[in-house]
file coords-v2.txt (compact mmCIF, C-alpha atoms and all ligand atoms)
# COMPACT_ATOMS: atom_id res chain seq x y z
CA MET U 1 3.61 -22.61 -41.09
CA ALA U 2 7.39 -22.73 -40.89
CA ALA U 3 9.14 -23.02 -37.59
CA THR U 4 10.85 -19.84 -36.51
CA GLN U 5 14.58 -20.17 -36.14
CA HIS U 6 14.82 -17.64 -33.34
CA ASP U 7 16.24 -18.78 -30.04
CA TYR U 8 13.28 -19.45 -27.79
CA TYR U 9 15.04 -18.22 -24.68
CA GLU U 10 15.97 -14.99 -26.42
CA LEU U 11 12.41 -14.53 -27.63
CA LEU U 12 11.16 -14.70 -24.07
CA GLY U 13 14.10 -12.74 -22.73
CA VAL U 14 15.02 -15.32 -20.11
CA ALA U 15 18.25 -17.17 -19.27
CA ARG U 16 18.72 -20.77 -20.38
CA GLY U 17 18.46 -21.95 -16.82
CA ALA U 18 15.25 -20.03 -16.17
CA SER U 19 12.70 -21.67 -13.89
CA ASP U 20 9.20 -22.56 -15.04
CA ALA U 21 7.87 -19.63 -13.05
CA GLU U 22 10.27 -17.21 -14.75
CA ILE U 23 9.32 -18.51 -18.17
CA LYS U 24 5.64 -18.17 -17.41
CA LYS U 25 6.09 -14.68 -16.06
CA ALA U 26 8.13 -13.55 -19.07
CA PHE U 27 5.52 -14.98 -21.43
CA ARG U 28 2.61 -13.34 -19.69
CA LYS U 29 4.35 -9.99 -19.80
CA LEU U 30 5.14 -10.28 -23.50
CA ALA U 31 1.71 -11.69 -24.35
CA ARG U 32 0.06 -8.69 -22.75
CA GLU U 33 2.21 -6.35 -24.81
CA LEU U 34 2.02 -8.17 -28.10
CA HIS U 35 -1.44 -9.62 -28.36
CA PRO U 36 -2.95 -8.33 -31.62
CA ASP U 37 -6.06 -7.19 -29.76
CA VAL U 38 -3.87 -4.88 -27.70
CA SER U 39 -0.81 -3.94 -29.72
CA GLU U 40 -0.81 -1.49 -32.63
CA ALA U 41 2.63 -2.51 -33.84
CA PRO U 42 2.58 -3.96 -37.40
CA ASP U 43 4.75 -6.92 -36.42
CA ALA U 44 2.89 -7.62 -33.19
CA GLU U 45 0.99 -10.57 -34.61
CA GLU U 46 4.10 -12.28 -35.92
CA ARG U 47 6.01 -11.63 -32.71
CA PHE U 48 3.09 -12.86 -30.65
CA ARG U 49 3.08 -16.07 -32.64
CA GLN U 50 6.79 -16.53 -32.05
CA VAL U 51 6.54 -15.81 -28.37
CA ALA U 52 3.59 -18.17 -27.99
CA GLU U 53 5.56 -20.87 -29.78
CA ALA U 54 8.58 -20.30 -27.55
CA TYR U 55 6.36 -20.56 -24.52
CA GLU U 56 4.67 -23.68 -25.81
CA VAL U 57 8.05 -25.38 -26.18
CA LEU U 58 9.75 -24.16 -23.02
CA SER U 59 6.77 -24.65 -20.71
CA LYS U 60 6.74 -28.41 -21.20
CA PRO U 61 9.61 -30.49 -19.83
CA GLU U 62 9.68 -32.92 -22.80
CA THR U 63 9.85 -30.31 -25.53
CA ARG U 64 12.14 -28.08 -23.53
CA GLU U 65 14.63 -30.90 -23.04
CA LEU U 66 14.48 -31.77 -26.73
CA TYR U 67 15.09 -28.15 -27.65
CA ASP U 68 17.91 -27.75 -25.14
CA ARG U 69 19.72 -30.75 -26.56
CA TYR U 70 19.07 -30.58 -30.27
CA GLY U 71 17.59 -27.16 -30.98
CA HIS U 72 14.89 -26.58 -33.59
CA ALA U 73 15.95 -29.63 -35.56
CA GLY U 74 15.43 -31.80 -32.49
CA LEU U 75 11.92 -30.52 -32.09
CA ARG U 76 11.01 -31.24 -35.70
CA SER U 77 12.38 -34.76 -35.53
CA GLY U 78 10.51 -35.18 -32.27
CA GLY U 79 7.30 -34.44 -34.13
CA PHE U 80 6.66 -31.00 -32.72
CA GLN U 81 4.45 -28.94 -34.99
CA PRO U 82 4.54 -25.30 -34.19
CA GLY U 83 1.22 -23.67 -34.83
CA HIS U 84 -0.66 -26.81 -33.94
CA PHE U 85 -0.40 -26.20 -30.27
CA ASP U 86 -2.81 -28.15 -28.27
CA PHE U 87 -3.00 -25.27 -25.95
CA GLY U 88 -3.67 -26.96 -22.68
CA SER U 89 -2.07 -23.74 -21.58
CA LEU U 90 -4.51 -21.67 -23.60
CA SER U 91 -6.42 -21.01 -20.42
CA ASP U 92 -3.25 -19.41 -19.08
CA ILE U 93 -3.24 -17.02 -21.99
CA PHE U 94 -6.83 -16.30 -21.32
CA SER U 95 -6.48 -15.46 -17.72
CA ALA U 96 -3.52 -13.33 -18.72
CA PHE U 97 -5.50 -11.38 -21.30
CA PHE U 98 -9.01 -11.23 -20.13
CA GLY U 99 -8.86 -12.18 -16.49
CA ASP U 100 -11.23 -14.82 -17.70
CA ASP U 101 -11.36 -18.47 -16.90
CA LEU U 102 -11.63 -20.45 -20.11
CA PHE U 103 -12.74 -23.85 -19.03
CA GLY U 104 -13.94 -23.25 -15.53
CA ALA U 105 -17.20 -21.77 -14.37
CA THR U 106 -19.51 -24.49 -15.56
CA GLY U 107 -22.00 -25.24 -12.82
CA ARG U 108 -22.72 -22.55 -10.25
CA PRO U 109 -22.11 -18.87 -10.79
CA ASN U 110 -19.05 -17.26 -9.24
CA ARG U 111 -19.51 -15.94 -5.76
CA SER U 112 -17.27 -13.04 -5.08
CA ARG U 113 -16.11 -11.64 -1.81
CA GLY U 114 -17.52 -8.25 -0.82
CA ALA U 115 -15.61 -5.07 -1.59
CA ASP U 116 -13.46 -3.30 0.96
CA VAL U 117 -14.35 0.06 2.47
CA VAL U 118 -11.82 2.78 3.16
CA ALA U 119 -12.45 5.17 6.05
CA GLU U 120 -10.34 7.73 7.84
CA VAL U 121 -9.97 8.96 11.41
CA GLU U 122 -7.84 11.72 12.84
CA VAL U 123 -6.06 11.79 16.20
CA GLU U 124 -3.84 14.31 17.95
CA LEU U 125 -0.18 13.43 18.45
CA VAL U 126 -0.68 13.17 22.22
CA GLU U 127 -3.57 10.77 21.60
CA ALA U 128 -1.38 8.70 19.31
CA ALA U 129 1.07 8.53 22.21
CA ARG U 130 -1.38 6.96 24.62
CA GLY U 131 -3.80 5.27 22.24
CA ALA U 132 -7.30 6.47 21.42
CA SER U 133 -10.75 5.26 20.52
CA ARG U 134 -12.70 6.67 17.60
CA GLU U 135 -16.03 6.12 15.90
CA VAL U 136 -15.94 5.43 12.19
CA HIS U 137 -19.02 6.14 10.08
CA TYR U 138 -19.45 4.58 6.66
CA ASP U 139 -21.97 3.05 4.31
CA ALA U 140 -21.77 -0.67 3.71
CA ALA U 141 -23.75 -2.78 1.29
CA VAL U 142 -25.66 -5.44 3.20
CA THR U 143 -27.90 -8.25 2.11
CA CYS U 144 -31.42 -6.92 1.53
CA ALA U 145 -33.64 -8.05 4.38
CA ARG U 146 -36.82 -7.99 2.28
CA CYS U 147 -35.70 -10.42 -0.42
CA GLY U 148 -32.94 -12.20 1.48
CA GLY U 149 -30.47 -11.17 -1.21
CA ASP U 150 -31.98 -12.91 -4.22
CA GLY U 151 -33.41 -9.67 -5.62
CA ALA U 152 -36.94 -11.00 -6.13
CA GLU U 153 -40.01 -9.46 -4.57
CA PRO U 154 -41.18 -11.97 -1.92
CA GLY U 155 -43.81 -14.32 -3.34
CA THR U 156 -42.79 -13.78 -6.96
CA GLU U 157 -41.06 -16.19 -9.22
CA VAL U 158 -37.37 -16.63 -9.91
CA VAL U 159 -36.73 -18.61 -13.07
CA THR U 160 -33.64 -20.28 -14.43
CA CYS U 161 -31.98 -18.17 -17.14
CA GLU U 162 -32.78 -19.58 -20.58
CA THR U 163 -29.70 -18.20 -22.26
CA CYS U 164 -27.23 -20.05 -20.09
CA ARG U 165 -29.56 -22.64 -18.61
CA GLY U 166 -28.52 -21.55 -15.15
CA ALA U 167 -24.78 -21.90 -15.64
CA GLY U 168 -24.18 -18.16 -15.50
CA ARG U 169 -21.70 -18.38 -18.36
CA VAL U 170 -21.93 -18.82 -22.09
CA GLN U 171 -19.35 -20.18 -24.48
CA GLN U 172 -18.64 -18.76 -27.88
CA VAL U 173 -16.36 -20.06 -30.56
CA ALA U 174 -13.91 -17.33 -31.52
CA ARG U 175 -11.10 -17.07 -34.00
CA SER U 176 -7.62 -15.78 -33.26
CA VAL U 177 -4.07 -16.03 -34.56
CA LEU U 178 -3.82 -19.21 -32.56
CA GLY U 179 -6.75 -20.80 -34.32
CA GLU U 180 -10.27 -21.33 -33.11
CA PHE U 181 -10.98 -21.48 -29.46
CA VAL U 182 -13.87 -21.48 -27.12
CA ARG U 183 -14.34 -18.35 -25.15
CA SER U 184 -16.37 -18.48 -21.97
CA THR U 185 -17.92 -15.25 -20.70
CA ALA U 186 -20.48 -14.15 -18.18
CA CYS U 187 -24.01 -14.62 -19.50
CA PRO U 188 -25.29 -11.35 -21.00
CA THR U 189 -28.90 -12.11 -20.05
CA CYS U 190 -28.53 -12.83 -16.35
CA GLY U 191 -25.15 -11.18 -15.74
CA GLY U 192 -23.73 -14.43 -14.42
CA ALA U 193 -26.40 -15.11 -11.81
CA GLY U 194 -27.90 -18.06 -13.71
CA ARG U 195 -31.40 -16.98 -12.76
CA VAL U 196 -33.77 -14.27 -13.80
CA VAL U 197 -36.01 -12.35 -11.42
CA THR U 198 -39.47 -11.68 -12.84
CA THR U 199 -40.49 -9.00 -10.29
CA PRO U 200 -37.60 -7.10 -8.67
CA CYS U 201 -37.67 -6.54 -4.92
CA THR U 202 -39.06 -3.11 -4.09
CA ASP U 203 -36.46 -2.39 -1.41
CA CYS U 204 -33.33 -3.08 -3.41
CA ASP U 205 -34.61 -2.85 -7.02
CA GLY U 206 -33.47 -6.39 -7.58
CA ALA U 207 -29.87 -5.78 -6.55
CA GLY U 208 -30.21 -8.03 -3.53
CA ARG U 209 -28.24 -5.56 -1.47
CA VAL U 210 -28.92 -2.21 0.16
CA LEU U 211 -26.64 0.42 1.66
CA GLU U 212 -26.64 0.64 5.41
CA GLU U 213 -25.15 3.38 7.55
CA ARG U 214 -22.76 1.88 9.99
CA THR U 215 -20.79 3.07 12.95
CA LEU U 216 -17.88 1.14 14.32
CA ARG U 217 -15.57 1.91 17.19
CA VAL U 218 -11.93 1.55 16.33
CA ASP U 219 -9.11 1.37 18.83
CA VAL U 220 -6.12 3.35 17.65
CA PRO U 221 -3.09 1.68 19.22
CA ALA U 222 -0.50 3.73 21.09
CA GLY U 223 2.48 4.62 18.91
CA ILE U 224 0.63 4.62 15.60
CA HIS U 225 2.21 6.59 12.77
CA ASP U 226 0.50 8.98 10.41
CA GLY U 227 -0.98 7.15 7.41
CA GLN U 228 -1.00 3.68 8.93
CA GLN U 229 -4.16 1.64 8.47
CA ILE U 230 -6.20 -0.51 10.77
CA ARG U 231 -8.07 -3.39 9.16
CA LEU U 232 -11.46 -4.34 10.51
CA SER U 233 -11.94 -7.77 9.05
CA GLY U 234 -15.31 -8.66 7.54
CA GLU U 235 -16.92 -5.27 8.27
CA GLY U 236 -16.97 -4.08 4.64
CA HIS U 237 -19.54 -4.59 1.87
CA ALA U 238 -21.46 -7.87 1.86
CA GLY U 239 -20.37 -10.43 -0.71
CA ASP U 240 -22.54 -11.88 -3.47
CA GLY U 241 -24.85 -14.73 -2.52
CA GLY U 242 -23.57 -15.06 1.00
CA ALA U 243 -19.87 -14.85 0.14
CA ARG U 244 -17.54 -13.33 2.71
CA ALA U 245 -17.89 -9.60 3.38
CA GLY U 246 -15.05 -7.24 2.54
CA ASP U 247 -12.91 -5.46 5.12
CA VAL U 248 -12.85 -1.90 6.39
CA TYR U 249 -9.49 -0.18 6.17
CA VAL U 250 -9.28 2.74 8.55
CA ARG U 251 -6.48 5.14 7.67
CA VAL U 252 -5.25 7.00 10.72
CA ARG U 253 -4.15 10.59 10.34
CA VAL U 254 -1.97 11.85 13.18
CA ARG U 255 -2.38 15.62 13.32
CA PRO U 256 0.96 17.42 13.69
CA ASP U 257 1.42 19.11 17.08
CA PRO U 258 3.09 22.53 16.77
CA ARG U 259 4.97 21.96 20.02
CA PHE U 260 6.70 18.76 18.92
CA VAL U 261 8.57 17.29 16.01
CA ARG U 262 8.23 13.54 15.74
CA GLU U 263 10.96 11.46 14.22
CA GLY U 264 10.22 7.76 14.39
CA ASN U 265 9.53 7.13 18.06
CA ASP U 266 11.50 10.15 19.28
CA VAL U 267 10.13 13.64 19.72
CA PHE U 268 11.91 16.97 19.79
CA SER U 269 10.89 20.29 21.24
CA THR U 270 12.59 23.57 22.03
CA VAL U 271 12.62 25.66 25.20
CA ASP U 272 13.32 29.38 25.31
CA LEU U 273 15.55 30.75 28.09
CA THR U 274 16.27 34.44 28.48
CA VAL U 275 19.94 35.47 28.57
CA ALA U 276 19.60 35.99 32.33
CA GLN U 277 17.91 32.61 32.89
CA ALA U 278 20.58 30.84 30.87
CA ALA U 279 23.37 32.67 32.74
CA LEU U 280 21.89 32.40 36.22
CA GLY U 281 20.13 29.04 35.95
CA ALA U 282 16.35 28.60 36.03
CA THR U 283 13.48 26.19 36.44
CA VAL U 284 11.02 26.35 33.55
CA THR U 285 7.93 24.42 32.47
CA VAL U 286 8.14 22.45 29.21
CA PRO U 287 5.37 20.52 27.46
CA THR U 288 5.79 16.77 27.05
CA LEU U 289 3.52 14.14 25.52
CA GLU U 290 2.31 13.37 29.03
CA GLY U 291 1.66 16.97 30.02
CA ASP U 292 3.72 19.82 31.41
CA GLN U 293 6.92 19.08 33.27
CA GLU U 294 9.34 21.30 35.22
CA LEU U 295 12.92 21.27 34.04
CA GLU U 296 15.85 22.72 35.91
CA PHE U 297 18.61 24.37 33.91
CA ALA U 298 22.01 25.00 35.52
CA ALA U 299 23.70 28.40 35.53
CA GLY U 300 25.66 28.86 32.30
CA THR U 301 23.31 26.79 30.12
CA GLN U 302 24.33 27.32 26.49
CA PRO U 303 22.15 27.75 23.39
CA GLY U 304 21.93 24.39 21.62
CA ALA U 305 22.16 22.45 24.86
CA VAL U 306 20.01 19.33 24.77
CA ARG U 307 18.15 17.76 27.63
CA THR U 308 17.15 14.17 26.96
CA LEU U 309 14.03 12.91 28.68
CA ARG U 310 14.54 9.15 28.42
CA GLY U 311 11.44 7.14 27.61
CA LYS U 312 9.26 10.23 27.20
CA GLY U 313 8.91 9.86 23.45
CA MET U 314 6.32 7.86 21.49
CA PRO U 315 5.57 4.26 22.48
CA VAL U 316 6.88 1.63 20.09
CA LEU U 317 3.86 0.39 18.11
CA GLN U 318 3.01 -3.12 19.20
CA GLY U 319 6.35 -3.36 20.91
CA PHE U 320 7.98 -2.53 24.17
CA GLY U 321 9.45 0.69 25.45
CA ARG U 322 9.28 4.20 24.17
CA GLY U 323 11.43 6.67 22.30
CA ASP U 324 13.07 9.68 23.94
CA HIS U 325 12.07 13.30 24.13
CA ARG U 326 14.89 15.74 23.47
CA VAL U 327 14.55 19.35 24.55
CA LEU U 328 16.72 21.82 22.68
CA VAL U 329 17.65 25.06 24.43
CA ASN U 330 17.20 28.34 22.62
CA VAL U 331 18.50 31.52 24.29
CA LEU U 332 16.52 34.70 23.72
CA VAL U 333 18.66 37.76 23.11
CA PRO U 334 16.93 41.07 23.95
CA ARG U 335 15.87 43.01 20.85
CA ARG U 336 14.71 46.28 22.38
CA LEU U 337 16.41 47.81 25.43
CA SER U 338 15.31 50.63 27.72
CA ASP U 339 17.97 53.17 28.71
CA ASP U 340 18.40 51.55 32.10
CA GLN U 341 18.77 48.07 30.58
CA ARG U 342 21.29 49.35 28.08
CA ALA U 343 23.32 51.01 30.84
CA LEU U 344 23.32 47.81 32.91
CA LEU U 345 24.38 45.67 29.96
CA GLU U 346 27.16 48.09 29.07
CA GLN U 347 28.35 47.98 32.65
CA PHE U 348 28.14 44.17 32.57
CA GLU U 349 30.19 44.05 29.38
CA GLN U 350 32.90 46.20 30.95
CA LEU U 351 33.10 43.85 33.92
CA SER U 352 33.42 40.80 31.66
CA ASP U 353 36.61 39.19 30.45
CA GLU U 354 37.58 35.93 28.71
CA ASP U 355 36.96 33.97 31.87
CA THR U 356 33.30 35.01 31.89
CA TYR U 357 32.67 32.95 28.74
CA ARG U 358 35.25 30.19 29.03
CA GLY U 359 33.77 26.70 28.59
CA ASP U 360 35.07 23.39 29.89
CA GLY U 361 35.79 22.22 26.36
CA GLY U 362 34.04 19.88 23.92
CA ASP U 363 30.64 21.46 24.22
CA GLY U 364 30.60 23.87 21.33
CA PHE U 365 27.29 24.90 19.82
CA PHE U 366 27.65 22.67 16.81
CA ASP U 367 28.59 19.63 18.89
CA LYS U 368 25.40 20.08 20.81
CA LEU U 369 23.34 20.58 17.71
CA LYS U 370 24.76 17.40 16.24
CA SER U 371 24.00 15.41 19.36
CA ALA U 372 20.40 16.67 19.29
CA PHE U 373 19.79 15.19 15.87
CA ARG U 374 22.10 12.19 15.96
ZN ZN U 401 -34.36 -6.84 -1.88
ZN ZN U 402 -27.87 -16.51 -17.99

call {"tool": "encode", "arguments": {"input": "coords-v2.txt", "output": "structure tokens", "more": "lines below"}}
Ligand SMILES: [Zn+2]
Ligand SMILES: [Zn+2]
result
Amino acid sequence: MAATQHDYYELLGVARGASDAEIKKAFRKLARELHPDVSEAPDAEERFRQVAEAYEVLSKPETRELYDRYGHAGLRSGGFQPGHFDFGSLSDIFSAFFGDDLFGATGRPNRSRGADVVAEVEVELVEAARGASREVHYDAAVTCARCGGDGAEPGTEVVTCETCRGAGRVQQVARSVLGEFVRSTACPTCGGAGRVVTTPCTDCDGAGRVLEERTLRVDVPAGIHDGQQIRLSGEGHAGDGGARAGDVYVRVRVRPDPRFVREGNDVFSTVDLTVAQAALGATVTVPTLEGDQELEFAAGTQPGAVRTLRGKGMPVLQGFGRGDHRVLVNVLVPRRLSDDQRALLEQFEQLSDEDTYRGDGGDGFFDKLKSAFR
């Protein structure tokens, strides 16, 4: 096989000063795309070979230095034979392609951590403001009590798997563009357990695990935002053969409250004043996250005026302090007038002049609106 004369750095798409990690990453990405088992492109095999060769050279300090100094000629004079890779790094390719460990997994079967469980709870906005407690119901796989998790009916025999002799994995010699290699896979007879159950447990059908209904109480911290998750460590599905259990992720939904708009830790609400209340001044009740509160509005309160209730917003999650609550004034203009009301308003209009509406400057409607949403 002739050495390719392509620039190895170009083949991998990395800079000449690339770190080992960058080179590895670039190779893995390309290998996934180009491997003949995966790619349909007619030149995939040839490109894969080139990329593998580039990786082989650049991943080792000796060959990389030789190549950096003297190029392809330097490698040849240094005795490098492309295509005869002793792929110590072949296992890298394997884990990249198959998620499979080439040389490992002799001895005991793999014990994997239990799977995670996802659950959901819903709280009202006012509950999110003060914190809440909720029950979460879910099904979790637990170790079968009858068989203790080994899947065998108590008193019956468990024998070592003959196919893999208890190793849980079998090795096959396979052929690829890189030459022959040994491929190690989970044993097809025992599924990787290394043992075979002669009589399956009647409770779990040999699975070693059963589903259990569980209820957990979860504390929803004050200030939580919609969609945030709470992790309950080790409360998920049991792992294989006594491995660590998975976690429970509780997604918290904060139900929108029609009275408030939440923005970060601040909340907004509006209050309606009649024209007379706004002109004469009034005390009105407004809802807050902590319940109803009386607010006094001075005579001449304008639409768009904003009252800031400092520290009455949402608590800062796992922090100190709270956001603010801003109350935006809306003035209700009468839509339907009786004859008497009309007469009074007409009389009022006649008695009004510029002075009736003159402001003290700098508090136009739009200024107020902007300050509400700053
Ligand atoms: Zn069982
Ligand atoms: Zn086996």

call {"tool": "atom_distance", "arguments": {"input": "coords-v2.txt", "atom1": "atom CA of U:Glu294", "atom2": "atom CA of U:Pro334"}}
result
24.0 Å

call {"tool": "residues_around", "arguments": {"input": "coords-v2.txt", "residues": "U:Gly291", "least_positions_apart": "6", "cutoff": "12 Å", "atoms": "only C-alpha atoms", "output": "number ranges by chain"}}
result
U: 126-127, 129-130, 259, 285, 312

call {"tool": "closest_atom_pairs", "arguments": {"input": "coords-v2.txt", "of": "chain U", "to": "ligand ZN 402 (chain U)", "cutoff": "6 Å", "atoms": "only C-alpha atoms and all ligand atoms", "output": "CSV"}}
result
residue,atom,partner,partner_atom,distance
U:Cys161,CA,U:ZN402,ZN,4.5
U:Thr163,CA,U:ZN402,ZN,4.9
U:Cys164,CA,U:ZN402,ZN,4.2
U:Gly166,CA,U:ZN402,ZN,5.8
U:Gly168,CA,U:ZN402,ZN,4.7
U:Cys187,CA,U:ZN402,ZN,4.6
U:Thr189,CA,U:ZN402,ZN,5.0
U:Cys190,CA,U:ZN402,ZN,4.1
U:Gly192,CA,U:ZN402,ZN,5.8
U:Gly194,CA,U:ZN402,ZN,4.6

call {"tool": "residues_near_ligand", "arguments": {"input": "coords-v2.txt", "ligand": "ligand ZN 401 (chain U)", "cutoff": "10 Å", "atoms": "only C-alpha atoms and all ligand atoms", "output": "list in words"}}
result
Thr143, Cys144, Ala145, Arg146, Cys147, Gly148, Gly149, Asp150, Gly151, Ala152, Glu153, Pro154, Pro200, Cys201, Thr202, Asp203, Cys204, Asp205, Gly206, Ala207, Gly208, Arg209 and Val210 of chain U

call {"tool": "residues_near_point", "arguments": {"input": "coords-v2.txt", "point": "(-4.5, 3.8, 19.0)", "cutoff": "6 Å", "atoms": "all atoms listed in the file", "output": "mmCIF file with C-alpha atoms, keeping the file's coordinate frame"}}
result
data_model
loop_
_atom_site.group_PDB
_atom_site.id
_atom_site.type_symbol
_atom_site.label_atom_id
_atom_site.label_comp_id
_atom_site.auth_asym_id
_atom_site.auth_seq_id
_atom_site.Cartn_x
_atom_site.Cartn_y
_atom_site.Cartn_z
ATOM 1 C CA ALA U 128 -1.380 8.700 19.310
ATOM 2 C CA GLY U 131 -3.800 5.270 22.240
ATOM 3 C CA ALA U 132 -7.300 6.470 21.420
ATOM 4 C CA ASP U 219 -9.110 1.370 18.830
ATOM 5 C CA VAL U 220 -6.120 3.350 17.650
ATOM 6 C CA PRO U 221 -3.090 1.680 19.220
ATOM 7 C CA ALA U 222 -0.500 3.730 21.090
#

call {"tool": "atom_distance", "arguments": {"input": "coords-v2.txt", "atom1": "atom CA of U:Leu216", "atom2": "atom CA of U:Ala245"}}
result
15.3 Å

call {"tool": "build_atoms", "arguments": {"input": "coords-v2.txt", "residues": "stretch 319-331 of chain U", "atoms": "N, CA and C atoms", "output": "short mmCIF file (atom, residue, chain, number, x, y, z; two decimals), in the frame of the given file"}}
result
data_model
loop_
_atom_site.label_atom_id
_atom_site.label_comp_id
_atom_site.auth_asym_id
_atom_site.auth_seq_id
_atom_site.Cartn_x
_atom_site.Cartn_y
_atom_site.Cartn_z
N GLY U 319 5.07 -2.89 20.43
CA GLY U 319 6.35 -3.36 20.91
C GLY U 319 6.52 -2.94 22.35
N PHE U 320 7.73 -2.92 22.79
CA PHE U 320 7.98 -2.53 24.17
C PHE U 320 8.80 -1.25 24.19
N GLY U 321 8.64 -0.49 25.25
CA GLY U 321 9.45 0.69 25.45
C GLY U 321 8.95 1.88 24.67
N ARG U 322 9.65 2.96 24.81
CA ARG U 322 9.28 4.20 24.17
C ARG U 322 10.53 4.89 23.66
N GLY U 323 10.34 5.83 22.75
CA GLY U 323 11.43 6.67 22.30
C GLY U 323 11.75 7.72 23.35
N ASP U 324 12.68 8.61 23.01
CA ASP U 324 13.07 9.68 23.94
C ASP U 324 12.49 11.01 23.50
N HIS U 325 12.46 11.92 24.43
CA HIS U 325 12.07 13.30 24.13
C HIS U 325 13.30 14.17 24.35
N ARG U 326 13.72 14.88 23.33
CA ARG U 326 14.89 15.74 23.47
C ARG U 326 14.46 17.20 23.43
N VAL U 327 14.92 17.94 24.44
CA VAL U 327 14.55 19.35 24.55
C VAL U 327 15.77 20.19 24.20
N LEU U 328 15.62 21.01 23.19
CA LEU U 328 16.72 21.82 22.68
C LEU U 328 16.60 23.25 23.22
N VAL U 329 17.69 23.74 23.81
CA VAL U 329 17.65 25.06 24.43
C VAL U 329 17.90 26.16 23.40
N ASN U 330 17.02 27.14 23.43
CA ASN U 330 17.20 28.34 22.62
C ASN U 330 17.35 29.51 23.60
N VAL U 331 18.33 30.38 23.38
CA VAL U 331 18.50 31.52 24.29
C VAL U 331 18.01 32.79 23.61
#
